[in-house]
Amino acid sequence: MKTKKIILIMLIILLNGIVFMFSGQKSESLSDTVVIEIIDKYSLVSKNEVSQNKKNEIVKNTRFLVRKGAHFTIYFLMGVLVYILVLCYDVKRPIILTL
């Protein structure tokens with residue numbers, strides 16, 4: 001049980017470090033790069049070339065969703081890890097403490 005707690009604490013610290021690292025970057029350019037990579041992979045698989053104008057339009061239209069999806073995912077993962085850690089301490093209302 002002690003090993004599980006240590007691993008969970010290390011994962012939470014690591015995840016917080018990742019959030020801190022990403023907070024110093026321009027997230028728009030990072031999310032744009034991810035969308036462009038997905039479009040390029042789609043082009044290779046489907047063998048349909050996507051024009052640069054179309055790529056720019058797709059990036060512009062999906063930027064918000066990609067950024068919010070990344071925020072939701074990382075904070076959801078952090079919440080799950082904290083919840084599992086709180087369960088290790090046998091607290092009466094772990095959801096309340098986690099929130």
# chains A, B, ... in the order shown; residues from 1 in each chain; ligands from 1
>>> select_by_dssp(residues="chain A", states="alpha helix (DSSP H)", output="PyMOL selection string")
chain A and resi 2-23+27-46+52-88+94-98
>>> residues_around(residues="A:Lys4", least_positions_apart="6", cutoff="12 Å", atoms="only C-alpha atoms", output="PyMOL selection string")
chain A and resi 10-11+81+84-89
>>> write_last_selection(atoms="all heavy atoms", output="PDB file, in the first residue's frame")
ATOM      1  N   MET A  10       4.112  10.564  -6.829  1.00  0.00           N
ATOM      2  CA  MET A  10       5.085  10.888  -7.882  1.00  0.00           C
ATOM      3  C   MET A  10       4.385  11.213  -9.202  1.00  0.00           C
ATOM      4  O   MET A  10       4.782  12.141  -9.912  1.00  0.00           O
ATOM      5  CB  MET A  10       6.077   9.738  -8.050  1.00  0.00           C
ATOM      6  CG  MET A  10       7.038   9.623  -6.884  1.00  0.00           C
ATOM      7  SD  MET A  10       8.108   8.164  -6.906  1.00  0.00           S
ATOM      8  CE  MET A  10       8.760   8.144  -8.537  1.00  0.00           C
ATOM      9  N   LEU A  11       3.337  10.472  -9.523  1.00  0.00           N
ATOM     10  CA  LEU A  11       2.588  10.741 -10.758  1.00  0.00           C
ATOM     11  C   LEU A  11       1.888  12.100 -10.699  1.00  0.00           C
ATOM     12  O   LEU A  11       1.857  12.834 -11.688  1.00  0.00           O
ATOM     13  CB  LEU A  11       1.567   9.633 -11.009  1.00  0.00           C
ATOM     14  CG  LEU A  11       2.127   8.306 -11.507  1.00  0.00           C
ATOM     15  CD1 LEU A  11       1.027   7.245 -11.544  1.00  0.00           C
ATOM     16  CD2 LEU A  11       2.765   8.462 -12.877  1.00  0.00           C
ATOM     17  N   LEU A  81      -6.162  10.696 -10.299  1.00  0.00           N
ATOM     18  CA  LEU A  81      -5.010  10.305  -9.483  1.00  0.00           C
ATOM     19  C   LEU A  81      -5.161  10.768  -8.037  1.00  0.00           C
ATOM     20  O   LEU A  81      -4.872  10.019  -7.101  1.00  0.00           O
ATOM     21  CB  LEU A  81      -3.719  10.870 -10.088  1.00  0.00           C
ATOM     22  CG  LEU A  81      -3.261  10.251 -11.405  1.00  0.00           C
ATOM     23  CD1 LEU A  81      -2.054  10.998 -11.945  1.00  0.00           C
ATOM     24  CD2 LEU A  81      -2.957   8.773 -11.245  1.00  0.00           C
ATOM     25  N   ILE A  84      -7.752   8.533  -6.304  1.00  0.00           N
ATOM     26  CA  ILE A  84      -7.200   7.220  -5.941  1.00  0.00           C
ATOM     27  C   ILE A  84      -6.280   7.359  -4.727  1.00  0.00           C
ATOM     28  O   ILE A  84      -6.297   6.516  -3.824  1.00  0.00           O
ATOM     29  CB  ILE A  84      -6.457   6.594  -7.135  1.00  0.00           C
ATOM     30  CG1 ILE A  84      -7.450   6.261  -8.256  1.00  0.00           C
ATOM     31  CG2 ILE A  84      -5.706   5.335  -6.718  1.00  0.00           C
ATOM     32  CD1 ILE A  84      -6.804   5.870  -9.569  1.00  0.00           C
ATOM     33  N   LEU A  85      -5.498   8.433  -4.674  1.00  0.00           N
ATOM     34  CA  LEU A  85      -4.630   8.673  -3.522  1.00  0.00           C
ATOM     35  C   LEU A  85      -5.446   8.884  -2.252  1.00  0.00           C
ATOM     36  O   LEU A  85      -5.122   8.337  -1.194  1.00  0.00           O
ATOM     37  CB  LEU A  85      -3.724   9.881  -3.780  1.00  0.00           C
ATOM     38  CG  LEU A  85      -2.754  10.244  -2.662  1.00  0.00           C
ATOM     39  CD1 LEU A  85      -1.730   9.128  -2.472  1.00  0.00           C
ATOM     40  CD2 LEU A  85      -2.057  11.550  -2.974  1.00  0.00           C
ATOM     41  N   VAL A  86      -6.518   9.651  -2.343  1.00  0.00           N
ATOM     42  CA  VAL A  86      -7.381   9.890  -1.176  1.00  0.00           C
ATOM     43  C   VAL A  86      -8.017   8.585  -0.703  1.00  0.00           C
ATOM     44  O   VAL A  86      -8.153   8.348   0.498  1.00  0.00           O
ATOM     45  CB  VAL A  86      -8.448  10.964  -1.505  1.00  0.00           C
ATOM     46  CG1 VAL A  86      -9.505  11.041  -0.428  1.00  0.00           C
ATOM     47  CG2 VAL A  86      -7.788  12.316  -1.702  1.00  0.00           C
ATOM     48  N   LEU A  87      -8.379   7.709  -1.645  1.00  0.00           N
ATOM     49  CA  LEU A  87      -8.951   6.407  -1.262  1.00  0.00           C
ATOM     50  C   LEU A  87      -7.964   5.575  -0.450  1.00  0.00           C
ATOM     51  O   LEU A  87      -8.367   4.785   0.409  1.00  0.00           O
ATOM     52  CB  LEU A  87      -9.373   5.627  -2.509  1.00  0.00           C
ATOM     53  CG  LEU A  87     -10.652   6.066  -3.209  1.00  0.00           C
ATOM     54  CD1 LEU A  87     -10.890   5.202  -4.441  1.00  0.00           C
ATOM     55  CD2 LEU A  87     -11.845   6.010  -2.278  1.00  0.00           C
ATOM     56  N   CYS A  88      -6.673   5.747  -0.715  1.00  0.00           N
ATOM     57  CA  CYS A  88      -5.653   4.996   0.024  1.00  0.00           C
ATOM     58  C   CYS A  88      -5.635   5.358   1.509  1.00  0.00           C
ATOM     59  O   CYS A  88      -5.180   4.573   2.334  1.00  0.00           O
ATOM     60  CB  CYS A  88      -4.270   5.250  -0.568  1.00  0.00           C
ATOM     61  SG  CYS A  88      -4.033   4.540  -2.196  1.00  0.00           S
ATOM     62  N   TYR A  89      -6.112   6.541   1.850  1.00  0.00           N
ATOM     63  CA  TYR A  89      -6.099   6.999   3.234  1.00  0.00           C
ATOM     64  C   TYR A  89      -7.415   6.730   3.949  1.00  0.00           C
ATOM     65  O   TYR A  89      -7.604   7.161   5.070  1.00  0.00           O
ATOM     66  CB  TYR A  89      -5.755   8.494   3.299  1.00  0.00           C
ATOM     67  CG  TYR A  89      -4.299   8.740   3.002  1.00  0.00           C
ATOM     68  CD1 TYR A  89      -3.893   9.152   1.742  1.00  0.00           C
ATOM     69  CD2 TYR A  89      -3.340   8.534   3.975  1.00  0.00           C
ATOM     70  CE1 TYR A  89      -2.561   9.365   1.461  1.00  0.00           C
ATOM     71  CE2 TYR A  89      -1.996   8.749   3.708  1.00  0.00           C
ATOM     72  CZ  TYR A  89      -1.618   9.165   2.448  1.00  0.00           C
ATOM     73  OH  TYR A  89      -0.300   9.367   2.176  1.00  0.00           O
TER      74      TYR A  89
END
>>> closest_residue(among="A:Tyr83, A:Tyr42, A:Phe22, A:Tyr75", to="A:Lys55", atoms="only C-alpha atoms")
A:Tyr42
>>> closest_residue(among="A:Ser23, A:Asn16, A:Asn53, A:Ser46", to="A:Met78", atoms="only C-alpha atoms")
A:Asn16
>>> residues_around(residues="A:Leu15", least_positions_apart="2", cutoff="12 Å", atoms="only C-alpha atoms", output="list in words")
Leu8, Ile9, Met10, Leu11, Ile12, Ile13, Gly17, Ile18, Val19, Phe20, Met21, Phe22, Thr73, Ile74, Tyr75, Phe76, Leu77, Met78, Gly79, Val80, Leu81 and Val82 of chain A
>>> decode(residues="stretch 3-15 of chain A", atoms="all heavy atoms", output="CSV table (one decimal), in the first residue's frame")
chain,number,residue,atom,x,y,z
A,3,THR,N,3.8,1.6,-1.3
A,3,THR,CA,4.4,1.8,-2.6
A,3,THR,C,3.4,2.5,-3.5
A,3,THR,O,3.7,3.3,-4.3
A,3,THR,CB,4.8,0.4,-3.2
A,3,THR,OG1,5.7,-0.2,-2.3
A,3,THR,CG2,5.5,0.6,-4.5
A,4,LYS,N,2.1,2.0,-3.4
A,4,LYS,CA,1.1,2.6,-4.3
A,4,LYS,C,0.9,4.1,-4.0
A,4,LYS,O,0.8,4.9,-4.9
A,4,LYS,CB,-0.2,1.9,-4.0
A,4,LYS,CG,-1.4,2.4,-4.8
A,4,LYS,CD,-2.6,1.6,-4.5
A,4,LYS,CE,-3.8,2.0,-5.3
A,4,LYS,NZ,-5.0,1.2,-5.0
A,5,LYS,N,1.0,4.5,-2.7
A,5,LYS,CA,0.9,5.9,-2.3
A,5,LYS,C,2.1,6.7,-2.9
A,5,LYS,O,1.9,7.8,-3.5
A,5,LYS,CB,0.9,6.1,-0.8
A,5,LYS,CG,-0.4,5.6,-0.2
A,5,LYS,CD,-0.3,5.7,1.3
A,5,LYS,CE,-1.5,5.1,2.0
A,5,LYS,NZ,-1.4,5.1,3.5
A,6,ILE,N,3.2,6.2,-2.8
A,6,ILE,CA,4.4,6.9,-3.3
A,6,ILE,C,4.3,7.0,-4.8
A,6,ILE,O,4.6,8.1,-5.4
A,6,ILE,CB,5.7,6.1,-2.9
A,6,ILE,CG1,5.9,6.2,-1.4
A,6,ILE,CG2,6.9,6.7,-3.6
A,6,ILE,CD1,7.0,5.3,-0.8
A,7,ILE,N,3.9,6.0,-5.5
A,7,ILE,CA,3.8,6.1,-7.0
A,7,ILE,C,2.7,7.1,-7.4
A,7,ILE,O,2.9,7.9,-8.3
A,7,ILE,CB,3.5,4.7,-7.6
A,7,ILE,CG1,4.7,3.8,-7.4
A,7,ILE,CG2,3.0,4.8,-9.0
A,7,ILE,CD1,4.4,2.3,-7.8
A,8,LEU,N,1.6,7.1,-6.7
A,8,LEU,CA,0.6,8.1,-7.0
A,8,LEU,C,1.0,9.5,-6.7
A,8,LEU,O,0.8,10.4,-7.5
A,8,LEU,CB,-0.7,7.8,-6.1
A,8,LEU,CG,-1.5,6.6,-6.6
A,8,LEU,CD1,-2.6,6.3,-5.5
A,8,LEU,CD2,-2.2,6.9,-7.9
A,9,ILE,N,1.7,9.7,-5.6
A,9,ILE,CA,2.3,11.1,-5.3
A,9,ILE,C,3.3,11.5,-6.4
A,9,ILE,O,3.2,12.6,-6.9
A,9,ILE,CB,2.9,11.1,-3.9
A,9,ILE,CG1,1.8,11.0,-2.9
A,9,ILE,CG2,3.7,12.4,-3.7
A,9,ILE,CD1,2.3,10.8,-1.4
A,10,MET,N,4.1,10.6,-6.8
A,10,MET,CA,5.1,10.9,-7.9
A,10,MET,C,4.4,11.2,-9.2
A,10,MET,O,4.8,12.1,-9.9
A,10,MET,CB,6.1,9.7,-8.0
A,10,MET,CG,7.0,9.6,-6.9
A,10,MET,SD,8.1,8.2,-6.9
A,10,MET,CE,8.8,8.1,-8.5
A,11,LEU,N,3.3,10.5,-9.5
A,11,LEU,CA,2.6,10.7,-10.8
A,11,LEU,C,1.9,12.1,-10.7
A,11,LEU,O,1.9,12.8,-11.7
A,11,LEU,CB,1.6,9.6,-11.0
A,11,LEU,CG,2.1,8.3,-11.5
A,11,LEU,CD1,1.0,7.2,-11.5
A,11,LEU,CD2,2.8,8.5,-12.9
A,12,ILE,N,1.3,12.4,-9.5
A,12,ILE,CA,0.7,13.7,-9.4
A,12,ILE,C,1.7,14.9,-9.5
A,12,ILE,O,1.4,15.9,-10.2
A,12,ILE,CB,-0.1,13.8,-8.0
A,12,ILE,CG1,-1.3,12.8,-8.1
A,12,ILE,CG2,-0.5,15.2,-7.7
A,12,ILE,CD1,-1.9,12.6,-6.7
A,13,ILE,N,2.9,14.7,-8.9
A,13,ILE,CA,3.9,15.7,-9.0
A,13,ILE,C,4.4,15.8,-10.5
A,13,ILE,O,4.6,16.9,-11.0
A,13,ILE,CB,5.1,15.4,-8.1
A,13,ILE,CG1,4.7,15.6,-6.6
A,13,ILE,CG2,6.3,16.2,-8.4
A,13,ILE,CD1,5.6,15.1,-5.6
A,14,LEU,N,4.5,14.7,-11.2
A,14,LEU,CA,4.9,14.7,-12.6
A,14,LEU,C,3.9,15.4,-13.4
A,14,LEU,O,4.2,16.3,-14.3
A,14,LEU,CB,5.1,13.3,-13.1
A,14,LEU,CG,5.5,13.1,-14.5
A,14,LEU,CD1,6.9,13.7,-14.8
A,14,LEU,CD2,5.4,11.7,-14.9
A,15,LEU,N,2.6,15.1,-13.2
A,15,LEU,CA,1.6,15.8,-13.9
A,15,LEU,C,1.5,17.3,-13.7
A,15,LEU,O,1.3,18.1,-14.6
A,15,LEU,CB,0.2,15.1,-13.6
A,15,LEU,CG,-0.9,15.3,-14.6
A,15,LEU,CD1,-0.6,14.9,-16.0
A,15,LEU,CD2,-2.1,14.6,-14.1
